[in-house]
Structures are given as structure tokens and as C-alpha cells.
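S.K.: Here it is: the structure, laid out below.
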Amino acid sequence: MTTVHSSAPMRISIAGGGSDLPEFYRLGPTVVVAAALTHRVHVCVADEPDDAVAVLEAQGTDWSYRLPPAGSAHHPYHAAAATTLRLSRLPSIAVGSPVPPGSGLGGSGAYCVALIDALLQWSGRRLHPREIAVLAFRLEREVLGRTIGQQDAWAAALGGVQRMRFAADGSATASPSPGLSTALTQLIDGGLLLYRVPGARDASRVLAEAPSVTPEQHRQALDAAARTEQAFLSGDIHTVGAVLRAHWARKTAANPAADHPVCRRLQEGSAAAGISGFKLIGAGGGGHLLIAADPTALDRTEAFLHRLGLVRVTLRLSQEGLSSTTDAGERSRREDKPCASA
């Protein structure tokens, strides 16, 4: 009997979000910075349904989203994974997440990374997280035909705060940014907030409504990403608020489908509530808001956001990327080491 539990973190996009799509980097290299969160997607596989459920329940997490083996039998992601990994059959699969789909936190990328890793190990294979990130992106983009970018898979596979560079041919490199990790931790304790927006959205649909990328938009995206990264590195919450505000204005002007009614209400009352800037995490249209607020006015800020029906979510960074446990009890965080090919 073989059982595997794999999990991967969700993320917040810090700088360059959107330029990790082929529509952008085909015009020239782009840079994206993302930070992994303590919220994780868990995938448990076993030969028998009850065993997969037991492994998931053993994680002891309160799930906002739970997919038992009976519901996963015909799930499109699982069929796509079987195609991608050339599996003749699938095991029983149970999935759990503390955050529901459509959250804007890169949950589908984390799901794909954990799913591919679990299925590989169940079939007796093993790959490095970087290789799994590539496969996870191909699964969503090429097999399922979803309009998504690469950053979610890379952030989920590697964890920490990653600075990712995407070449015009689609190849990617990623390296940790310890300086930005330190700055983000300080900002989180000094006014950087994460709030849940009511409802959910399909990121692929929002992105599919975006107009074609022009060379000028590509140049502007690169400049904006560099300014945003420097703002976060500054560790100043008001500087961060200004770049978030500018980012959101550009994003909604380029693609109105990214906007949300609550964001318009936020704009009307943000100054009085001590909010200097915000943006919807991910493609937009719903999910979670990243908010820069005056740390001396947080009571006023939180009261205002509560009146809008928003719920504060714990914002904590995670240095851990893809992690797995086999039925033998051997836990793995997968460091840089030789790996077998899929």
C-alpha cells in the first residue's frame, strides 16, 4: 500500500504580477517577485479512498475547501496530471485547503505542484521542485488551456520570497531575496494587511479579457515592477501604499474586468480610514486585498474594512516550499540535489 501527502504554499504577488504570462515575456524578459504564505494546499493520494481521506484528516486543518476521492474521480486537473505524467491510472486523491479556490493567492498553482509531486511519488518517481514547477505550469496552460502565468507554480515549489526572471522562450530562473523577506516581515508588523473579499473569481477568465500586450505596455510593466520592488525594499509603509495605488490604477485601466465593487468603495473612504494604497492579489476580480495602512490608525482602518464586509486574514510568510511525506514516514523539503526525469 502506498500513501503520499504533499503540500505547497500559496503566495502574494509583490512586483511584476501579470508579466509572468507568455503574452508578456514573449516580448522580452520580465521579472516577478512573489512571497510564499503559511496557507498551504494539501494533496493526499493512496490506493484506497479511505486511506487518502485518513491521510488528509491527519493534517488536522480546518478546511475551507475539501475534495474527497469520490468528487475527485473526474476532476479535470487530475485527468490533466495523468496525461502530463503519462499515468495509466490514477490513485484515490483527497485535497484540502484553508482557503477556497478563486482566492487570488495562487491556489491553483500550489494545487498543481502538490498534485504532481504526490502522483510522481505514488508512481515511484521523484523530481526537483523546479522541474515540478515547470510541469505544473504546463499542466494548466497547455493541457487545460487556462490563461495563467508561471509565478504561482514557482512560488509554491520553492517557498520563501523569490525573484523570478522569465525569458522570451518561457524558460525561468528563480532566486531567493532575503533582503525583501526581511523588509516584508517588518511591513507586515507595521501596517501591511491582508483581507478577504466576499465571493470568488476565475483568474483565467479575468486574464482572458485583458487586451493584447503592446511593446509600450511591456516596457511600462518592467518599470513598474522595478519601482514596486524598490518600494517594498524601503520598508516604508507609505511608500508601499503609493506604489500599490499606482499599480491598481494601471491594472484596472488596462483590464476593467480586474476591478471589484468593494475596491471602488475602498477608494472613496481610504484616506479617512488611514489607507494609503491597496490592490487585489492575483488577476483581480475578487479574492484577497493587500492593503497598506497607517500603523497608528489601525483601529480606524479595521473598523472601516469591517463595515465593507471584509474579513482580515493572517498574513505570514513561509520559507518552506513543496513538502511531502510518504507512507514510510519520510518527510522531504527537496533541496537542490540530483533528480530523476519524469
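Labels used: A, B, ... for chains in the order of the C-alpha cells, numbers from 1 for residues in each chain, and numbers from 1 for ligands as shown.
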With DSSP run on the backbone, what are the helix (DSSP H, G or I) residues within range 11-145 of chain A? I'd like them as a PyMOL selection string.

M.R.: chain A and resi 22-25+49-57+69-72+76-85+107-122+129-143

S.K.: For Ala174 in chain A, which of A:Leu315, A:Ser103, A:Val33, A:Val243 is the closest residue, counting only C-alpha atoms?

M.R.: A:Val33

S.K.: Which residues are near Ser92 in chain A? Cut-off 12 Å, only C-alpha atoms, ignore same chain within fewer than 5 positions. Put them as a PyMOL selection string.

M.R.: chain A and resi 1-5+43-56+67-75+78+115+118-119+122

S.K.: List as CSV every residue of range 193-287 of chain A that is in contact with range 153-167 of chain A, defined as an atom at most 12 Å from one of its atoms (using only C-alpha atoms), together with the nearest atom pair and the distance in Å rounded to one decimal, sorted by chain and then rising number.

M.R.:
```
residue,atom,partner,partner_atom,distance
A:Leu222,CA,A:Arg165,CA,11.3
A:Ala225,CA,A:Arg163,CA,11.1
A:Ala226,CA,A:Arg163,CA,11.4
A:Glu229,CA,A:Arg163,CA,9.7
```

S.K.: Please dump the current selection as a PDB file, in the first residue's frame; keep N, CA and C atoms.

M.R.:
```
ATOM      1  N   LEU A 222       7.733  46.551 -16.901  1.00  0.00           N
ATOM      2  CA  LEU A 222       9.071  46.363 -16.345  1.00  0.00           C
ATOM      3  C   LEU A 222       9.447  47.509 -15.412  1.00  0.00           C
ATOM      4  N   ALA A 225       7.421  47.229 -12.175  1.00  0.00           N
ATOM      5  CA  ALA A 225       7.905  46.143 -11.314  1.00  0.00           C
ATOM      6  C   ALA A 225       9.146  46.567 -10.549  1.00  0.00           C
ATOM      7  N   ALA A 226      10.064  47.274 -11.224  1.00  0.00           N
ATOM      8  CA  ALA A 226      11.288  47.729 -10.563  1.00  0.00           C
ATOM      9  C   ALA A 226      10.965  48.737  -9.463  1.00  0.00           C
ATOM     10  N   GLU A 229       9.294  46.848  -6.468  1.00  0.00           N
ATOM     11  CA  GLU A 229      10.271  46.078  -5.690  1.00  0.00           C
ATOM     12  C   GLU A 229      11.076  47.001  -4.782  1.00  0.00           C
TER      13      GLU A 229
END
```

S.K.: To one decimal place in Å, what is the distance between CA of Ala81 in chain A and CA of Val95 in chain A?

M.R.: 14.3 Å

S.K.: To one decimal in Å, tell me the separation between CA of Val113 in chain A and CA of Ile148 in chain A.

M.R.: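 These two atoms are separated by 14.3 Å.
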
S.K.: Using only C-alpha atoms, which of A:Thr182, A:Ser276, A:Thr84, A:Ser19 sits nearest Glu140 in chain A?

M.R.: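 Smallest separation from Glu140 in chain A among the options: A:Thr84.
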